[in-house]
Amino acid sequence: MRTAEIKRRYLAHFEANGHAVVPSAPLPAISDPNLLFVNAGMVQFVPYFLGQQTPAYQRVVSVQKCIRTPDIDEVGKTSRHGTFFQMNGNFSFGDYFKAGAIPLAWELVTKSQADGGFGLDPERVWPTVYLDDDEAFEIWRSVGVPAERIVRRGKADNFWSMGIPGPCGPSSELFYDRGPEYGREGGPAVDEDRYMEFWNLVFMQFERGPGTTKEDYPILGDLPAKNIDTGMGLERMASILQGVDNLYEIDEVRPILARAAELTGKRYGAHSGHVASESHPDDVRLRVIADHVRTALMLIGDGVTPSNEGRGYVLRRIMRRAIRSIRLLGWQDRALPELLPVARDCMAPSYPELATDFDRIADYAYAEEEAFLSTLRAGTTILDTAIAETRTAGGSSLSGAKAFQLHDTYGFPIDLTLEIAAEQGLTVDDEGFRRLMADQRTRAKADAQARKTGHVDLSAYRRVLDEHGPTDWQAYQSLDTDSTVLGLLGSDGVPTPVAELGEIVGVFLDRTPFYAESGGQHADAGTFTGDSVRADVLDVQRPIKGLVVHQVRITGGTLAVGDRIHAAVDPQWRLGARQAHSGTHVVHAALRQVLGPSALQSGSFNRPGYLRLDFASPSGLSPATRSEVEDVANLAIRDDLPVHARYMTLPEARQIGALALFGETYDDTVRVVDIGGDWSRELCGGTHVDRSAQIGALAITSESSVGAGQRRIEAVTGIEAFRYLARERDLVTNLTDQLRAPREELPDRIAALVGRAKAAERRAEQLQLLLTREQARALAGSAEDVAGIAYATSTESSDADPRQLAELIRRELPQQRPGVVVVAATSNGTMRLVIAVNDAAVDRGTSAVHLVKAALGGRGGGNASLAQGGQPGGRPDQVVDLVRELLHSAS
């Protein structure tokens with residue numbers, strides 16, 4: 001029975017018994033900040049189990065996509081570890097309990113396949129129950145299971161808890177006896193390889209209180225409603241019904257593994273036993289490939305894209321492990337175009353969207369593989385050199401500094417460094433690497449904090465907050481306030497009672513209308529005025545939660561603690577900021593409308609009249625797509641959509657589909673900004689226009705790459721958009737005047753001019769090459785004999801490329817006679833040296849790289865045939881003489 005059919009029968013059985021069919025939640029666990037991915041079928045129902053929300057149905061059934069990554073290093077080593085799996089689950093929220101759950105499970109498992117069940121032999125199914133759960137024991141007996149096949153087990157096996165205060169209770173598991181060829185008689189307590197668990201029924205009849213330990217589980221009382229959470233491993237059931245030994249042989253995985261084996265010429269053996277045989281190491285890698293390619297397909301299908309943080313990093317690591325595994329098996333070409341379509345065909349019967357959305361999925365996957373192959377080529381060479389140097393020095397551990405350099409400079413992931421080093425019999429100073437990474441993060445955080453605090457000791461801010469309480473922040477309500485100065489900080493971060501003319505100081509007010517930089521929005525600009533002071537507000541920050549500090553320059557008079565001042569935001573500045581921030585939301589919504597829901601914002605910045613938005617995309621936008629995004633955005637502006645901000649709890653915001661920026665932390669109460677109802681809906685603390693038409697206009701000025709799978713759009717809004725378009729108009733007018741051509745003919749005219757210019761460049765390059773060849777022949781013909789070596793040199797600066805000239809001279813020398821070519825030329829005060837050695841000289845023991853390093857005092861690099869280097873202030877004639885002496889002395 002195929003896996004898709006198992007899924008269909010499971011859902012149909014419980015739907016026929018009054019359960020509402022609920023679709024799988026997306027793999028990214030957006031509603032739970034503690035999870036990167038959904039890792040169990042019950043995750044999307046946790047709010048119901050905790051009593052935080054009221055369920056729409058009392059009985060539900062689902063087949064949930066899940067990912068568990070803690071055991072990623074075990075994937076392939078055993079027959080049952082995998083990163084992606086599917087959990088069939090049926091749930092009751094205060095409706096039926098043990099007496100309902102157990103018969104429903106038994107009926108589906110043992111009912112004949114002709115009648116819609118799974119048709120397992122009842123004599124081979126073993127239930128387990130918690131030690132003192134007599135109720136469950138008797139219910140299993142009532143459905144026909146003999147007492148000798150019902151096993152009582154302890155807390156480690158048959159008691160479930162979330163690990164935090166909340167519902168907990170005994171569980172009952174179902175095991176299938178795979179037969180004597182898989183192990184010993186005696187049931188699950190004796191051998192869990194022969195007796196394979198495939199279903200777990202959890203009876204949440206107790207509540208775990210605060211302060212309890214995982215080992216203890218003190219029961220503090222019954223919950224008001226008893227809940228049922230059951231999970232049946234779809235892959236486990238598939239292996240049973242398909243008569244195969246492990247999850248790598250089921251219909252959704254085996255074709256991927258088989259294709260990988262075909263590409264690499266390896267033979268996969270379906271070994272019995274839980275742990276892979278050590279005599280078949282290739283099988284382990286084939287399993288990794290099959291599991292990880294399927295996992296990557298499902299993650300990208302659910303909107304995750306490769307990156308260096310969070311979910312994106314997990315995806316990147318999984319993909320890179322698969323790519324490297326197949327390369328270790330001998331396949332050196334691009335692998336994902338060969339494997340991903342096979343995974344799609346395996347999974348599409350259960351998830352049709354994988355087929356309809358495959359072009360997008362493939363774009364991300366193939367681009368990531370291409371980027372990783374480039375990283376591998378550069379990083380592996382450097383790592384191999386470092387490993388060789390470590391061994392030569394008699395060491396057994398690669399330094400943390402080298403691992404950090406590979407990661408920081410070349411993008412070579414640490415887990416890959418660990419794997420490759422281990423394969424070569426070396427360890428890595430992982431602690432040293434982590435320390436350097438921590439230092440880097442500390443510096444980055446310090447730099448970011450310095451931007452907010454101006455390098456001031458945070459204790460100065462805390463004292464102000466402790467003494468006066470939070471700033472009364474009125475940026476949403478007003479553009480000006482009458483305020484009192486609570487404190488002043490000098491440029492040295494030391495409190496001061498007064499600020500004089502020309503000084504720049506930090507100012508704390510009891511209330512302020514100024515927007516403090518946050519959420520990608522630049523701080524407001526404006527002024528302070530009072531009886532004795534005038535000041536310009538240069539920046540506004542929140543150094544610590546609840547406190548706003550203004551950086552101001554005193555332009556008139558003095559400012560003292562206790563002064564009453566009028567704080568006023570520049571209204572034009574605020575208008576431009578509102579236009580830009582609302583414009584950011586409009587562009588984000590337009591991108592998702594044109595490119596699809598995967599085009600999620602990953603970062604933004606806006607200031608009056610300007611916005612920048614980073615978003616997930618595997619490739620750049622074509623001119624037509626860019627114009628379409630701009631058009632959709634401006635149509636939304638033209639439609640004068642209403643813009644509303646409202647407050648709600650974070651779960652409520654999630655429920656209505658508000659978009660959040662992954663990686664950001666949010667309070668329990670959040671601000672949601674809607675444009676046109678649900679046309680755009682995002683969590684946001686910025687300032688916005690009241691209606692979209694107030695944005696005025698929006699013009700995209702650039703679109704570029706900011707990393708693998710990440711693009712950046714820059715745009716201008718309001719008056720800046722009109723000014724930008726006016727400049728574009730003036731530019732076009734200037735071109736039409738100079739080319740004396742109508743506007744519509746400009747592209748063709750310019751293309752023709754560019755074509756002629758490129759042709760002229762090619763002709764010039766060809767002429768230069770002819771000249772260089774003639775020069776090379778002349779220099780080769782004038783070569784001197786140095787200890788039996790034809791020694792040709794050039795010290796004249798010319799338009800020829802020194803390396804090209806050296807190679808051409810070498811080609812003109814007699815190939816049967818040892819020859820050495822030295823080209824040394826000075827440009828901008830630096831001498832560039834290139835040495836080329838022919839094969840006859842290399843066979844004699846002459847090395848270009850040794851000569852370069854000797855001539856330049858250890859600088860330079862290359863190989864025995866060709867090497868080069870540079871030296872500030874070096875003299876070409878002296879280098880030529882030095883190399884001549886080196887050749888003489890080596891003879």
# chains A, B, ... in the order shown; residues from 1 in each chain; ligands from 1
>>> residues_around(residues="Arg810 (chain A)", least_positions_apart="3", cutoff="9 Å", atoms="only C-alpha atoms", output="PyMOL selection string")
chain A and resi 776+780+792+805-807+813-815+819-821+836-838
>>> select_by_dssp(residues="region 77-267 of chain A", states="alpha helix (DSSP H)", output="PDB file with C-alpha atoms, in the first residue's frame")
ATOM      1  CA  LYS A  98      -9.640   6.250  26.420  1.00  0.00           C
ATOM      2  CA  ALA A  99     -12.800   4.282  25.767  1.00  0.00           C
ATOM      3  CA  GLY A 100     -13.200   6.113  22.456  1.00  0.00           C
ATOM      4  CA  ALA A 101      -9.583   6.386  21.329  1.00  0.00           C
ATOM      5  CA  ILE A 102      -8.515   2.777  21.789  1.00  0.00           C
ATOM      6  CA  PRO A 103     -11.336   1.139  19.762  1.00  0.00           C
ATOM      7  CA  LEU A 104     -10.910   3.707  16.962  1.00  0.00           C
ATOM      8  CA  ALA A 105      -7.231   2.865  16.681  1.00  0.00           C
ATOM      9  CA  TRP A 106      -7.764  -0.903  16.895  1.00  0.00           C
ATOM     10  CA  GLU A 107     -10.495  -0.841  14.270  1.00  0.00           C
ATOM     11  CA  LEU A 108      -8.400   1.006  11.692  1.00  0.00           C
ATOM     12  CA  VAL A 109      -5.292  -1.109  12.304  1.00  0.00           C
ATOM     13  CA  THR A 110      -6.959  -4.514  12.104  1.00  0.00           C
ATOM     14  CA  ASP A 134      -5.782  -0.378  34.606  1.00  0.00           C
ATOM     15  CA  GLU A 135      -8.461   1.487  32.631  1.00  0.00           C
ATOM     16  CA  ALA A 136      -6.468   1.373  29.376  1.00  0.00           C
ATOM     17  CA  PHE A 137      -5.439  -2.226  30.068  1.00  0.00           C
ATOM     18  CA  GLU A 138      -9.064  -3.348  30.365  1.00  0.00           C
ATOM     19  CA  ILE A 139     -10.148  -1.422  27.258  1.00  0.00           C
ATOM     20  CA  TRP A 140      -7.473  -3.194  25.206  1.00  0.00           C
ATOM     21  CA  ARG A 141      -8.747  -6.514  26.552  1.00  0.00           C
ATOM     22  CA  SER A 142     -12.303  -5.550  25.628  1.00  0.00           C
ATOM     23  CA  LYS A 155       7.403   6.618  33.058  1.00  0.00           C
ATOM     24  CA  ALA A 156      10.321   6.590  30.632  1.00  0.00           C
ATOM     25  CA  ASP A 157       8.219   4.780  28.024  1.00  0.00           C
ATOM     26  CA  ASN A 158       4.554   5.382  28.746  1.00  0.00           C
ATOM     27  CA  LEU A 234       3.198   7.467   8.557  1.00  0.00           C
ATOM     28  CA  GLU A 235       6.648   6.280   7.473  1.00  0.00           C
ATOM     29  CA  ARG A 236       6.632   3.505  10.085  1.00  0.00           C
ATOM     30  CA  MET A 237       3.207   2.278   8.943  1.00  0.00           C
ATOM     31  CA  ALA A 238       4.335   2.461   5.318  1.00  0.00           C
ATOM     32  CA  SER A 239       7.342   0.240   6.038  1.00  0.00           C
ATOM     33  CA  ILE A 240       5.043  -2.314   7.699  1.00  0.00           C
ATOM     34  CA  LEU A 241       2.411  -2.347   4.946  1.00  0.00           C
ATOM     35  CA  ARG A 254      13.527   4.586  -2.118  1.00  0.00           C
ATOM     36  CA  PRO A 255      13.307   6.159  -5.642  1.00  0.00           C
ATOM     37  CA  ILE A 256      15.509   9.087  -4.516  1.00  0.00           C
ATOM     38  CA  LEU A 257      18.022   6.703  -2.992  1.00  0.00           C
ATOM     39  CA  ALA A 258      17.952   4.509  -6.092  1.00  0.00           C
ATOM     40  CA  ARG A 259      18.591   7.495  -8.380  1.00  0.00           C
ATOM     41  CA  ALA A 260      21.525   8.595  -6.214  1.00  0.00           C
ATOM     42  CA  ALA A 261      22.926   5.061  -6.380  1.00  0.00           C
ATOM     43  CA  GLU A 262      22.495   5.053 -10.162  1.00  0.00           C
ATOM     44  CA  LEU A 263      24.322   8.372 -10.565  1.00  0.00           C
ATOM     45  CA  THR A 264      27.253   7.273  -8.423  1.00  0.00           C
TER      46      THR A 264
END
>>> residues_around(residues="region 8-14 of chain A", least_positions_apart="4", cutoff="7 Å", atoms="only C-alpha atoms", output="list in words")
Ala4, Gly18, His19, Val21, Val61, Ser62, Leu108, Gly116 and Gly117 of chain A
>>> closest_residue(among="A:Leu770, A:Asp631, A:Tyr610, A:His588", to="Tyr724 (chain A)", atoms="only C-alpha atoms")
A:Tyr610
>>> closest_residue(among="A:Asp177, A:Glu370, A:Glu703, A:Glu467", to="Leu547 (chain A)", atoms="only C-alpha atoms")
A:Glu467
>>> select_by_dssp(residues="region 527-754 of chain A", states="strand (DSSP E or B)", output="PyMOL selection string")
chain A and resi 527-529+533-544+547-557+559-560+564-569+601-607+610-616+642-649+659+669-675+680-683+691+698-707+710-717
>>> decode(residues="region 192-206 of chain A", atoms="all heavy atoms", output="compact mmCIF listing (two decimals), in the first residue's frame")
# COMPACT_ATOMS: atom_id res chain seq x y z
N GLU A 192 12.90 -3.87 20.89
CA GLU A 192 12.18 -2.85 20.13
C GLU A 192 12.65 -2.76 18.68
O GLU A 192 12.22 -1.86 17.95
CB GLU A 192 12.28 -1.48 20.81
CG GLU A 192 11.42 -1.37 22.04
CD GLU A 192 11.17 0.07 22.45
OE1 GLU A 192 11.46 0.99 21.65
OE2 GLU A 192 10.67 0.27 23.59
N ASP A 193 13.53 -3.65 18.27
CA ASP A 193 13.87 -3.73 16.86
C ASP A 193 12.91 -4.69 16.16
O ASP A 193 12.35 -4.37 15.11
CB ASP A 193 15.32 -4.20 16.67
CG ASP A 193 15.79 -4.07 15.24
OD1 ASP A 193 15.27 -3.18 14.54
OD2 ASP A 193 16.65 -4.84 14.82
N ARG A 194 12.70 -5.84 16.77
CA ARG A 194 11.72 -6.78 16.22
C ARG A 194 10.31 -6.22 16.37
O ARG A 194 9.51 -6.26 15.44
CB ARG A 194 11.82 -8.12 16.94
CG ARG A 194 10.66 -9.05 16.62
CD ARG A 194 10.83 -10.42 17.21
NE ARG A 194 9.62 -11.22 17.05
CZ ARG A 194 9.53 -12.52 17.35
NH1 ARG A 194 10.59 -13.15 17.83
NH2 ARG A 194 8.39 -13.17 17.17
N TYR A 195 10.00 -5.68 17.54
CA TYR A 195 8.67 -5.11 17.80
C TYR A 195 8.76 -3.60 17.57
O TYR A 195 9.32 -2.87 18.38
CB TYR A 195 8.23 -5.43 19.23
CG TYR A 195 8.15 -6.92 19.49
CD1 TYR A 195 9.27 -7.62 19.94
CD2 TYR A 195 6.96 -7.62 19.26
CE1 TYR A 195 9.21 -8.99 20.16
CE2 TYR A 195 6.91 -9.00 19.49
CZ TYR A 195 8.03 -9.67 19.93
OH TYR A 195 7.96 -11.02 20.15
N MET A 196 8.21 -3.13 16.45
CA MET A 196 8.40 -1.75 16.04
C MET A 196 7.18 -0.90 16.41
O MET A 196 6.04 -1.21 16.04
CB MET A 196 8.62 -1.66 14.52
CG MET A 196 8.96 -0.26 14.05
SD MET A 196 9.55 -0.20 12.34
CE MET A 196 8.05 -0.59 11.46
N GLU A 197 7.43 0.19 17.15
CA GLU A 197 6.35 1.10 17.52
C GLU A 197 5.84 1.85 16.29
O GLU A 197 6.64 2.34 15.49
CB GLU A 197 6.84 2.10 18.57
CG GLU A 197 5.78 3.12 18.97
CD GLU A 197 6.36 4.38 19.59
OE1 GLU A 197 7.55 4.37 19.94
OE2 GLU A 197 5.61 5.37 19.68
N PHE A 198 4.53 1.99 16.17
CA PHE A 198 3.99 2.76 15.05
C PHE A 198 2.86 3.70 15.46
O PHE A 198 2.44 4.53 14.68
CB PHE A 198 3.51 1.83 13.93
CG PHE A 198 2.35 0.92 14.29
CD1 PHE A 198 1.04 1.34 14.12
CD2 PHE A 198 2.59 -0.35 14.80
CE1 PHE A 198 -0.02 0.51 14.46
CE2 PHE A 198 1.54 -1.19 15.14
CZ PHE A 198 0.22 -0.76 14.97
N TRP A 199 2.34 3.61 16.70
CA TRP A 199 1.24 4.49 17.10
C TRP A 199 1.36 4.77 18.59
O TRP A 199 1.68 3.88 19.37
CB TRP A 199 -0.11 3.83 16.81
CG TRP A 199 -1.27 4.79 16.69
CD1 TRP A 199 -1.42 5.98 17.30
CD2 TRP A 199 -2.44 4.60 15.90
NE1 TRP A 199 -2.61 6.56 16.95
CE2 TRP A 199 -3.27 5.73 16.08
CE3 TRP A 199 -2.90 3.59 15.06
CZ2 TRP A 199 -4.51 5.87 15.45
CZ3 TRP A 199 -4.12 3.72 14.44
CH2 TRP A 199 -4.92 4.87 14.62
N ASN A 200 1.12 6.02 18.99
CA ASN A 200 1.18 6.41 20.39
C ASN A 200 -0.08 7.18 20.74
O ASN A 200 -0.38 8.20 20.12
CB ASN A 200 2.42 7.27 20.63
CG ASN A 200 2.61 7.60 22.11
OD1 ASN A 200 1.98 6.99 22.97
ND2 ASN A 200 3.47 8.56 22.40
N LEU A 201 -0.82 6.71 21.71
CA LEU A 201 -2.04 7.37 22.17
C LEU A 201 -1.74 7.99 23.54
O LEU A 201 -1.38 7.29 24.48
CB LEU A 201 -3.20 6.38 22.31
CG LEU A 201 -3.70 5.71 21.02
CD1 LEU A 201 -2.86 4.48 20.68
CD2 LEU A 201 -5.16 5.30 21.17
N VAL A 202 -1.88 9.32 23.62
CA VAL A 202 -1.58 10.05 24.86
C VAL A 202 -2.88 10.49 25.50
O VAL A 202 -3.72 11.14 24.86
CB VAL A 202 -0.67 11.27 24.58
CG1 VAL A 202 -0.45 12.05 25.87
CG2 VAL A 202 0.65 10.82 23.98
N PHE A 203 -3.05 10.14 26.76
CA PHE A 203 -4.27 10.48 27.51
C PHE A 203 -3.94 11.62 28.48
O PHE A 203 -3.37 11.39 29.55
CB PHE A 203 -4.78 9.25 28.28
CG PHE A 203 -4.91 8.03 27.41
CD1 PHE A 203 -4.30 6.84 27.76
CD2 PHE A 203 -5.64 8.08 26.23
CE1 PHE A 203 -4.41 5.71 26.97
CE2 PHE A 203 -5.77 6.94 25.43
CZ PHE A 203 -5.15 5.75 25.79
N MET A 204 -4.29 12.82 28.12
CA MET A 204 -3.94 14.00 28.93
C MET A 204 -4.95 14.19 30.05
O MET A 204 -5.84 15.03 29.97
CB MET A 204 -3.88 15.24 28.05
CG MET A 204 -2.84 15.17 26.96
SD MET A 204 -2.76 16.71 26.05
CE MET A 204 -1.65 16.28 24.73
N GLN A 205 -4.80 13.40 31.11
CA GLN A 205 -5.77 13.45 32.19
C GLN A 205 -5.24 14.13 33.44
O GLN A 205 -5.97 14.29 34.42
CB GLN A 205 -6.24 12.03 32.52
CG GLN A 205 -5.15 11.12 33.06
CD GLN A 205 -5.63 9.69 33.20
OE1 GLN A 205 -5.38 8.85 32.36
NE2 GLN A 205 -6.35 9.43 34.27
N PHE A 206 -3.97 14.55 33.42
CA PHE A 206 -3.39 15.21 34.57
C PHE A 206 -2.77 16.54 34.16
O PHE A 206 -2.63 16.85 32.99
CB PHE A 206 -2.32 14.33 35.23
CG PHE A 206 -2.83 12.98 35.63
CD1 PHE A 206 -2.34 11.83 35.03
CD2 PHE A 206 -3.81 12.87 36.60
CE1 PHE A 206 -2.81 10.58 35.39
CE2 PHE A 206 -4.29 11.62 36.97
CZ PHE A 206 -3.79 10.48 36.36
